[in-house]
Protein chains: 2
Amino acid sequence: MESIKVFSPGSITNLSCGYDILGMCLESRGDEITVSKTGKKGVTIKSISGFDLTKDINENVSGIAAQSLLSKINLDHGFEIEINKGIKPGSGIGSSAASSAGTVFAINQLLNSPFSLLDLVKFSMEGEKFVSGAYHADNVAPIIFGGITLVRTIDDLDIIPLPTPEDLEVVIVRPNIEIKTADSRKVVKKKVKIEKMTQQSANLGSFVSSLYSKDYDLMSRSVIDQVVEPDRAVLIPEFEKIKMISKLSGSIAAGISGSGPSIFSLSNNRVTSNNILDKISDHYNSMDIDFDGFISKVNSGGIKIIESK
Amino acid sequence: MESIKVFSPGSITNLSCGYDILGMCLESRGDEITVSKTGKKGVTIKSISGFDLTKDINENVSGIAAQSLLSKINLDHGFEIEINKGIKPGSGIGSSAASSAGTVFAINQLLNSPFSLLDLVKFSMEGEKFVSGAYHADNVAPIIFGGITLVRTIDDLDIIPLPTPEDLEVVIVRPNIEIKTADSRKVVKKKVKIEKMTQQSANLGSFVSSLYSKDYDLMSRSVIDQVVEPDRAVLIPEFEKIKMISKLSGSIAAGISGSGPSIFSLSNNRVTSNNILDKISDHYNSMDIDFDGFISKVNSGGIKIIESK
């Protein structure tokens, strides 16, 4: 195999109850990344389309993740990357994770998979560290493992794949503003009251239970964030209103996707999802707020190979 | 029915990763509580055996919980309580919870169950509040619901029954000192770093997952407490050593039961449980530390009726 093209999907993280540890892989949006072997050692970014990003391999997450991988293996050749961004940077659905994870996944395929999925998460995390200022695997884990994942720890990386109720889907609405992950992390308080910790833990534990038991009522009660969301919500136009509209339109639960500004709204059928999206659209339109909205199933497979040759 | 005798079991809470919210009902230890109808309104405690506790209904958790129940119903008669304590107060395996929950469970039976299980938890929590200074349902929930429970919230009481892998059992060792829950709560820090919150949450979420997937390796990695246990451990003789001995003897995980001084050690077979108990006993004996130790399966049924007439 000399060249491979993959679809590297977007992802929703936090899901209100799992700040920095919980993530869900999407089906409907993602980057297309083509990686080709080249005679020259190292990695280059040949082209980026869709959105304007640097091709400097030391400042682009694809380059950073790729270099992290290459530092672990001795090769007499290199790789050239072409990125077609389908996810807007700074939108809160894992734009950087899609590029970094997609790139190392593709390179690993071209090398006949010497690296494990956990290794790929580690390489990708170097990209995440670069853009956000902190190591976190909540976006890259579900992209690489598929479905919904819980990152138990990044110190001795431990990723727990969780079951996805088959009818679960999500409405995503992104008001057209950009929030940098690094900035959005700054508003998060450094310490929380122990009572808040137990509440947040209890909600995450209950959410995990709801995935196994397919109990959407429990999911609805569990997808709550009393720690991070209240501070971040002010960054997002009409956030509380959108949450209320979601709820009234039949949503299981709604919250900030990642560090925002995208808002996720969970549903268990397409009729409800369409209704949620319509009602949110009506509101944003009435307020003259520019936005992008779409519906996605949970992507259980993660990154997909589109073609290889 | 004029009189009923129930077995109200002990319980382990926190289980390291679920401070104040996670609990497990035991089979092997508990209080025997007999409640009889009397012509006189209100409640009296006729006798207490096993351990020396006050019979004052305003200072004994059975009396407090019973009064909480009676305040919600209009009766022309009352109840007399006889308590045979099988659980030492202040041992960390839910002594107060067994008495308060057993009492209101018995009264509810004598009244043909006008109250729900959630109601019984609420009444019992009045007893817990009295002894510990704070409302918490982590002991009373698993006693009343059986098995392993997660208290999602006590504000709008929400109890999530979790599955119990059938071969799960627990070794409990109690060094012979008393720790009052109220005192043990004082050493808990009021605030935690947000990173600790995410770690603790992730471990609880992973523990919940391990119960559904019966993944004892994951359970072993998840039953960790980096928030409360480090501060409480110093109150318990040889705690770190006992944890190490447990681990070396095949334990899945070990930690402080409730607010201590009892130590729990999880296992998935009786041979290992016996080995753990033997090795811990050897150590405490060699140190001349008085202790009590036993092995229990998880009690999926909760409070049991022994006889009624």
# chains A, B, ... in the order shown; residues from 1 in each chain; ligands from 1
>>> closest_atom_pairs(of="chain A", to="chain B", cutoff="8 Å", atoms="only C-alpha atoms", output="JSON lines")
{"residue": "A:Gly18", "atom": "CA", "partner": "B:Thr198", "partner_atom": "CA", "distance": 7.4}
{"residue": "A:Tyr19", "atom": "CA", "partner": "B:Thr198", "partner_atom": "CA", "distance": 6.6}
{"residue": "A:Asp20", "atom": "CA", "partner": "B:Thr198", "partner_atom": "CA", "distance": 7.0}
{"residue": "A:Ile21", "atom": "CA", "partner": "B:Ala202", "partner_atom": "CA", "distance": 6.8}
{"residue": "A:Leu150", "atom": "CA", "partner": "B:Ala202", "partner_atom": "CA", "distance": 7.0}
{"residue": "A:Val151", "atom": "CA", "partner": "B:Ala202", "partner_atom": "CA", "distance": 6.9}
{"residue": "A:Arg152", "atom": "CA", "partner": "B:Ala202", "partner_atom": "CA", "distance": 4.8}
{"residue": "A:Thr153", "atom": "CA", "partner": "B:Gln199", "partner_atom": "CA", "distance": 6.8}
{"residue": "A:Ile160", "atom": "CA", "partner": "B:Ser206", "partner_atom": "CA", "distance": 7.0}
{"residue": "A:Leu162", "atom": "CA", "partner": "B:Ser209", "partner_atom": "CA", "distance": 7.4}
{"residue": "A:Lys189", "atom": "CA", "partner": "B:Ile194", "partner_atom": "CA", "distance": 7.3}
{"residue": "A:Lys190", "atom": "CA", "partner": "B:Ile194", "partner_atom": "CA", "distance": 5.6}
{"residue": "A:Lys191", "atom": "CA", "partner": "B:Lys193", "partner_atom": "CA", "distance": 4.2}
{"residue": "A:Val192", "atom": "CA", "partner": "B:Lys191", "partner_atom": "CA", "distance": 5.4}
{"residue": "A:Lys193", "atom": "CA", "partner": "B:Lys191", "partner_atom": "CA", "distance": 4.2}
{"residue": "A:Ile194", "atom": "CA", "partner": "B:Lys191", "partner_atom": "CA", "distance": 5.1}
{"residue": "A:Met197", "atom": "CA", "partner": "B:Met197", "partner_atom": "CA", "distance": 5.5}
{"residue": "A:Thr198", "atom": "CA", "partner": "B:Tyr19", "partner_atom": "CA", "distance": 6.6}
{"residue": "A:Gln199", "atom": "CA", "partner": "B:Thr153", "partner_atom": "CA", "distance": 6.8}
{"residue": "A:Gln200", "atom": "CA", "partner": "B:Ser201", "partner_atom": "CA", "distance": 7.0}
{"residue": "A:Ser201", "atom": "CA", "partner": "B:Ser201", "partner_atom": "CA", "distance": 4.3}
{"residue": "A:Ala202", "atom": "CA", "partner": "B:Arg152", "partner_atom": "CA", "distance": 4.8}
{"residue": "A:Asn203", "atom": "CA", "partner": "B:Arg152", "partner_atom": "CA", "distance": 6.0}
{"residue": "A:Leu204", "atom": "CA", "partner": "B:Gly205", "partner_atom": "CA", "distance": 5.9}
{"residue": "A:Gly205", "atom": "CA", "partner": "B:Gly205", "partner_atom": "CA", "distance": 4.5}
{"residue": "A:Ser206", "atom": "CA", "partner": "B:Arg152", "partner_atom": "CA", "distance": 6.6}
{"residue": "A:Val208", "atom": "CA", "partner": "B:Gly205", "partner_atom": "CA", "distance": 6.1}
{"residue": "A:Ser209", "atom": "CA", "partner": "B:Val208", "partner_atom": "CA", "distance": 6.6}
{"residue": "A:Tyr212", "atom": "CA", "partner": "B:Tyr212", "partner_atom": "CA", "distance": 7.2}
{"residue": "A:Ser222", "atom": "CA", "partner": "B:Arg152", "partner_atom": "CA", "distance": 7.9}
>>> select_by_dssp(residues="region 153-254 of chain B", states="strand (DSSP E or B)", output="MDAnalysis selection string")
chainID B and resid 153 158:162 169:175 191:193 253:254
>>> select_by_dssp(residues="region 164-305 of chain B", states="alpha helix (DSSP H)", output="count of residues only")
64
>>> residues_around(residues="Phe145 (chain A)", least_positions_apart="6", cutoff="9 Å", atoms="only C-alpha atoms", output="PyMOL selection string")
chain A and resi 25+117-118+159+161+300-303
>>> atom_distance(atom1="CA of Phe79 (chain B)", atom2="CA of His136 (chain B)")
25.7 Å
>>> atom_distance(atom1="CA of Ser286 (chain A)", atom2="CA of Leu248 (chain A)")
17.6 Å
>>> residues_around(residues="Lys5 (chain B)", least_positions_apart="3", cutoff="7 Å", atoms="only C-alpha atoms", output="PDB file with C-alpha atoms, in the first residue's frame")
ATOM      1  CA  GLU B  32     -31.966  -8.232  64.015  1.00  0.00           C
ATOM      2  CA  ILE B  33     -34.822  -5.864  64.572  1.00  0.00           C
ATOM      3  CA  THR B  34     -38.215  -6.824  65.934  1.00  0.00           C
ATOM      4  CA  VAL B  35     -41.047  -4.337  65.682  1.00  0.00           C
ATOM      5  CA  ILE B 305     -37.983 -10.856  56.960  1.00  0.00           C
ATOM      6  CA  ILE B 306     -37.036 -13.530  59.500  1.00  0.00           C
ATOM      7  CA  GLU B 307     -40.477 -14.055  60.995  1.00  0.00           C
ATOM      8  CA  SER B 308     -43.811 -12.327  61.336  1.00  0.00           C
TER       9      SER B 308
END
>>> closest_residue(among="A:Asp215, A:Glu82, A:Asp56, A:Glu2", to="Leu110 (chain A)", atoms="only C-alpha atoms")
A:Glu2
>>> atom_distance(atom1="CA of Val140 (chain A)", atom2="CA of Phe239 (chain A)")
25.7 Å
>>> residues_around(residues="region 99-104 of chain A", least_positions_apart="6", cutoff="7 Å", atoms="only C-alpha atoms", output="list in words")
Val6, Ser8, Asp31, Ile33, Val61, Ser62, Ala65, Ala66, Leu69, Leu120, Ser124, Gly127, Val140, Ile144 and Ile303 of chain A
>>> residues_around(residues="Phe115 (chain A)", least_positions_apart="6", cutoff="12 Å", atoms="only C-alpha atoms", output="number ranges by chain")
A: 69-70, 72-73, 104-109, 121-123
>>> write_last_selection(atoms="C-alpha atoms", output="short mmCIF file (atom, residue, chain, number, x, y, z; two decimals), in the first residue's frame")
data_model
loop_
_atom_site.label_atom_id
_atom_site.label_comp_id
_atom_site.auth_asym_id
_atom_site.auth_seq_id
_atom_site.Cartn_x
_atom_site.Cartn_y
_atom_site.Cartn_z
CA LEU A 69 4.64 8.36 15.64
CA LEU A 70 7.75 8.57 13.47
CA LYS A 72 9.02 5.57 17.62
CA ILE A 73 10.03 3.76 14.44
CA VAL A 104 -1.54 8.62 12.56
CA PHE A 105 -4.24 6.04 11.80
CA ALA A 106 -3.46 6.37 8.09
CA ILE A 107 0.30 6.17 8.57
CA ASN A 108 -0.12 3.09 10.78
CA GLN A 109 -2.15 1.44 8.02
CA VAL A 121 -4.19 7.70 20.92
CA LYS A 122 -0.87 8.63 22.53
CA PHE A 123 0.56 10.04 19.29
#
>>> residues_around(residues="region 271-285 of chain A", least_positions_apart="2", cutoff="9 Å", atoms="only C-alpha atoms", output="JSON list (two decimals) with C-alpha atoms, in the first residue's frame")
[["chain", "number", "residue", "atom", "x", "y", "z"],
["A", 169, "GLU", "CA", -28.29, 10.05, 17.92],
["A", 170, "VAL", "CA", -27.34, 13.63, 18.35],
["A", 171, "VAL", "CA", -28.24, 17.04, 17.01],
["A", 172, "ILE", "CA", -25.33, 19.44, 16.81],
["A", 173, "VAL", "CA", -25.73, 23.16, 16.41],
["A", 175, "PRO", "CA", -23.33, 29.23, 16.41],
["A", 238, "GLU", "CA", -28.37, 31.86, 23.69],
["A", 241, "LYS", "CA", -32.46, 29.15, 25.66],
["A", 242, "ILE", "CA", -31.23, 26.51, 23.20],
["A", 245, "ILE", "CA", -35.82, 24.58, 23.37],
["A", 246, "SER", "CA", -34.08, 21.20, 23.01],
["A", 247, "LYS", "CA", -35.78, 19.86, 26.11],
["A", 248, "LEU", "CA", -39.18, 21.09, 24.98],
["A", 249, "SER", "CA", -38.58, 19.51, 21.55],
["A", 250, "GLY", "CA", -38.05, 16.07, 23.06],
["A", 251, "SER", "CA", -34.31, 16.01, 23.59],
["A", 265, "SER", "CA", -28.67, 17.55, 21.95],
["A", 266, "LEU", "CA", -29.27, 13.82, 22.40],
["A", 267, "SER", "CA", -32.25, 12.03, 20.91],
["A", 268, "ASN", "CA", -33.35, 8.45, 20.29],
["A", 269, "ASN", "CA", -35.19, 8.88, 17.00],
["A", 287, "MET", "CA", -32.25, 36.22, 16.62],
["A", 288, "ASP", "CA", -30.25, 36.70, 13.38],
["A", 289, "ILE", "CA", -27.51, 34.43, 14.71],
["A", 290, "ASP", "CA", -25.53, 32.65, 12.01],
["A", 291, "PHE", "CA", -25.20, 28.94, 12.71],
["A", 292, "ASP", "CA", -24.61, 25.48, 11.29],
["A", 293, "GLY", "CA", -26.65, 22.47, 12.36],
["A", 294, "PHE", "CA", -26.71, 18.77, 11.58],
["A", 295, "ILE", "CA", -27.84, 15.41, 12.90]]
>>> closest_residue(among="B:Ile57, B:Val298, B:Ile83, B:Ile4", to="Asp167 (chain B)", atoms="only C-alpha atoms")
B:Val298
>>> closest_residue(among="A:Leu111, A:Ile48, A:Val223, A:Ile148", to="Lys85 (chain A)", atoms="only C-alpha atoms")
A:Ile48
>>> decode(residues="region 77-127 of chain B", atoms="N, CA and C atoms", output="compact mmCIF listing (two decimals), in the first residue's frame")
# COMPACT_ATOMS: atom_id res chain seq x y z
N HIS B 77 -52.35 3.87 66.60
CA HIS B 77 -51.54 2.97 67.45
C HIS B 77 -50.08 3.31 67.27
N GLY B 78 -49.21 2.54 67.92
CA GLY B 78 -47.78 2.83 67.82
C GLY B 78 -46.96 1.55 67.68
N PHE B 79 -45.64 1.69 67.90
CA PHE B 79 -44.73 0.57 67.68
C PHE B 79 -43.68 0.49 68.80
N GLU B 80 -43.29 -0.75 69.04
CA GLU B 80 -42.26 -1.01 70.04
C GLU B 80 -41.11 -1.74 69.32
N ILE B 81 -39.90 -1.28 69.54
CA ILE B 81 -38.77 -1.81 68.79
C ILE B 81 -37.82 -2.57 69.71
N GLU B 82 -37.40 -3.75 69.28
CA GLU B 82 -36.34 -4.50 69.98
C GLU B 82 -35.19 -4.67 69.00
N ILE B 83 -34.01 -4.27 69.43
CA ILE B 83 -32.86 -4.29 68.52
C ILE B 83 -31.79 -5.22 69.06
N ASN B 84 -31.41 -6.17 68.22
CA ASN B 84 -30.25 -7.01 68.57
C ASN B 84 -29.13 -6.63 67.60
N LYS B 85 -28.22 -5.79 68.08
CA LYS B 85 -27.16 -5.26 67.20
C LYS B 85 -26.15 -6.35 66.86
N GLY B 86 -26.02 -6.60 65.56
CA GLY B 86 -24.97 -7.52 65.11
C GLY B 86 -23.78 -6.75 64.56
N ILE B 87 -23.97 -5.46 64.39
CA ILE B 87 -22.90 -4.62 63.83
C ILE B 87 -22.44 -3.64 64.90
N LYS B 88 -21.16 -3.61 65.11
CA LYS B 88 -20.60 -2.70 66.10
C LYS B 88 -20.74 -1.25 65.61
N PRO B 89 -21.27 -0.37 66.42
CA PRO B 89 -21.34 1.05 66.02
C PRO B 89 -19.93 1.60 65.76
N GLY B 90 -19.83 2.46 64.79
CA GLY B 90 -18.54 3.10 64.49
C GLY B 90 -17.54 2.19 63.82
N SER B 91 -18.01 1.12 63.19
CA SER B 91 -17.06 0.18 62.58
C SER B 91 -16.87 0.43 61.09
N GLY B 92 -17.75 1.22 60.49
CA GLY B 92 -17.59 1.56 59.07
C GLY B 92 -18.33 0.63 58.13
N ILE B 93 -19.21 -0.22 58.67
CA ILE B 93 -20.02 -1.05 57.76
C ILE B 93 -21.53 -0.79 57.99
N GLY B 94 -21.83 0.46 58.24
CA GLY B 94 -23.23 0.87 58.22
C GLY B 94 -24.06 0.41 59.40
N SER B 95 -23.52 0.55 60.59
CA SER B 95 -24.27 0.14 61.78
C SER B 95 -25.54 0.97 61.94
N SER B 96 -25.41 2.27 61.85
CA SER B 96 -26.58 3.14 62.03
C SER B 96 -27.59 2.92 60.90
N ALA B 97 -27.09 2.73 59.68
CA ALA B 97 -27.99 2.51 58.55
C ALA B 97 -28.79 1.23 58.72
N ALA B 98 -28.14 0.17 59.21
CA ALA B 98 -28.84 -1.11 59.41
C ALA B 98 -29.98 -0.92 60.39
N SER B 99 -29.73 -0.21 61.49
CA SER B 99 -30.78 -0.02 62.49
C SER B 99 -31.91 0.86 61.98
N SER B 100 -31.57 1.98 61.36
CA SER B 100 -32.63 2.90 60.92
C SER B 100 -33.42 2.30 59.76
N ALA B 101 -32.72 1.73 58.77
CA ALA B 101 -33.43 1.16 57.61
C ALA B 101 -34.24 -0.06 58.02
N GLY B 102 -33.66 -0.92 58.88
CA GLY B 102 -34.37 -2.11 59.33
C GLY B 102 -35.65 -1.75 60.06
N THR B 103 -35.57 -0.70 60.86
CA THR B 103 -36.74 -0.29 61.64
C THR B 103 -37.87 0.21 60.75
N VAL B 104 -37.56 1.11 59.83
CA VAL B 104 -38.64 1.65 58.99
C VAL B 104 -39.15 0.61 57.99
N PHE B 105 -38.25 -0.27 57.57
CA PHE B 105 -38.69 -1.38 56.70
C PHE B 105 -39.71 -2.23 57.44
N ALA B 106 -39.40 -2.56 58.70
CA ALA B 106 -40.30 -3.41 59.50
C ALA B 106 -41.63 -2.72 59.74
N ILE B 107 -41.58 -1.45 60.11
CA ILE B 107 -42.83 -0.72 60.35
C ILE B 107 -43.68 -0.68 59.07
N ASN B 108 -43.04 -0.42 57.95
CA ASN B 108 -43.76 -0.37 56.67
C ASN B 108 -44.46 -1.70 56.38
N GLN B 109 -43.76 -2.80 56.69
CA GLN B 109 -44.37 -4.12 56.50
C GLN B 109 -45.61 -4.27 57.38
N LEU B 110 -45.50 -3.85 58.65
CA LEU B 110 -46.63 -3.98 59.58
C LEU B 110 -47.83 -3.13 59.12
N LEU B 111 -47.54 -2.09 58.34
CA LEU B 111 -48.61 -1.20 57.84
C LEU B 111 -49.09 -1.59 56.44
N ASN B 112 -48.63 -2.76 55.96
CA ASN B 112 -48.96 -3.21 54.60
C ASN B 112 -48.37 -2.31 53.52
N SER B 113 -47.17 -1.83 53.77
CA SER B 113 -46.35 -1.13 52.77
C SER B 113 -46.98 0.09 52.11
N PRO B 114 -47.42 1.06 52.90
CA PRO B 114 -47.91 2.30 52.27
C PRO B 114 -46.77 3.13 51.67
N PHE B 115 -45.54 2.86 52.11
CA PHE B 115 -44.42 3.67 51.64
C PHE B 115 -43.55 2.92 50.63
N SER B 116 -43.00 3.68 49.69
CA SER B 116 -42.12 3.10 48.67
C SER B 116 -40.72 2.88 49.25
N LEU B 117 -39.90 2.16 48.52
CA LEU B 117 -38.51 1.96 48.95
C LEU B 117 -37.79 3.31 49.06
N LEU B 118 -38.08 4.21 48.11
CA LEU B 118 -37.46 5.54 48.16
C LEU B 118 -37.87 6.28 49.42
N ASP B 119 -39.16 6.15 49.80
CA ASP B 119 -39.62 6.78 51.05
C ASP B 119 -38.82 6.23 52.23
N LEU B 120 -38.62 4.91 52.24
CA LEU B 120 -37.90 4.29 53.36
C LEU B 120 -36.46 4.81 53.44
N VAL B 121 -35.87 5.02 52.27
CA VAL B 121 -34.51 5.60 52.25
C VAL B 121 -34.54 6.99 52.88
N LYS B 122 -35.55 7.77 52.51
CA LYS B 122 -35.65 9.13 53.05
C LYS B 122 -35.79 9.12 54.57
N PHE B 123 -36.67 8.26 55.09
CA PHE B 123 -36.84 8.19 56.55
C PHE B 123 -35.52 7.79 57.22
N SER B 124 -34.86 6.81 56.63
CA SER B 124 -33.61 6.30 57.21
C SER B 124 -32.53 7.38 57.21
N MET B 125 -32.56 8.22 56.19
CA MET B 125 -31.54 9.27 56.08
C MET B 125 -31.61 10.25 57.26
N GLU B 126 -32.78 10.35 57.89
CA GLU B 126 -32.86 11.22 59.07
C GLU B 126 -31.97 10.67 60.19
N GLY B 127 -31.92 9.34 60.28
CA GLY B 127 -31.01 8.72 61.26
C GLY B 127 -29.56 8.98 60.89
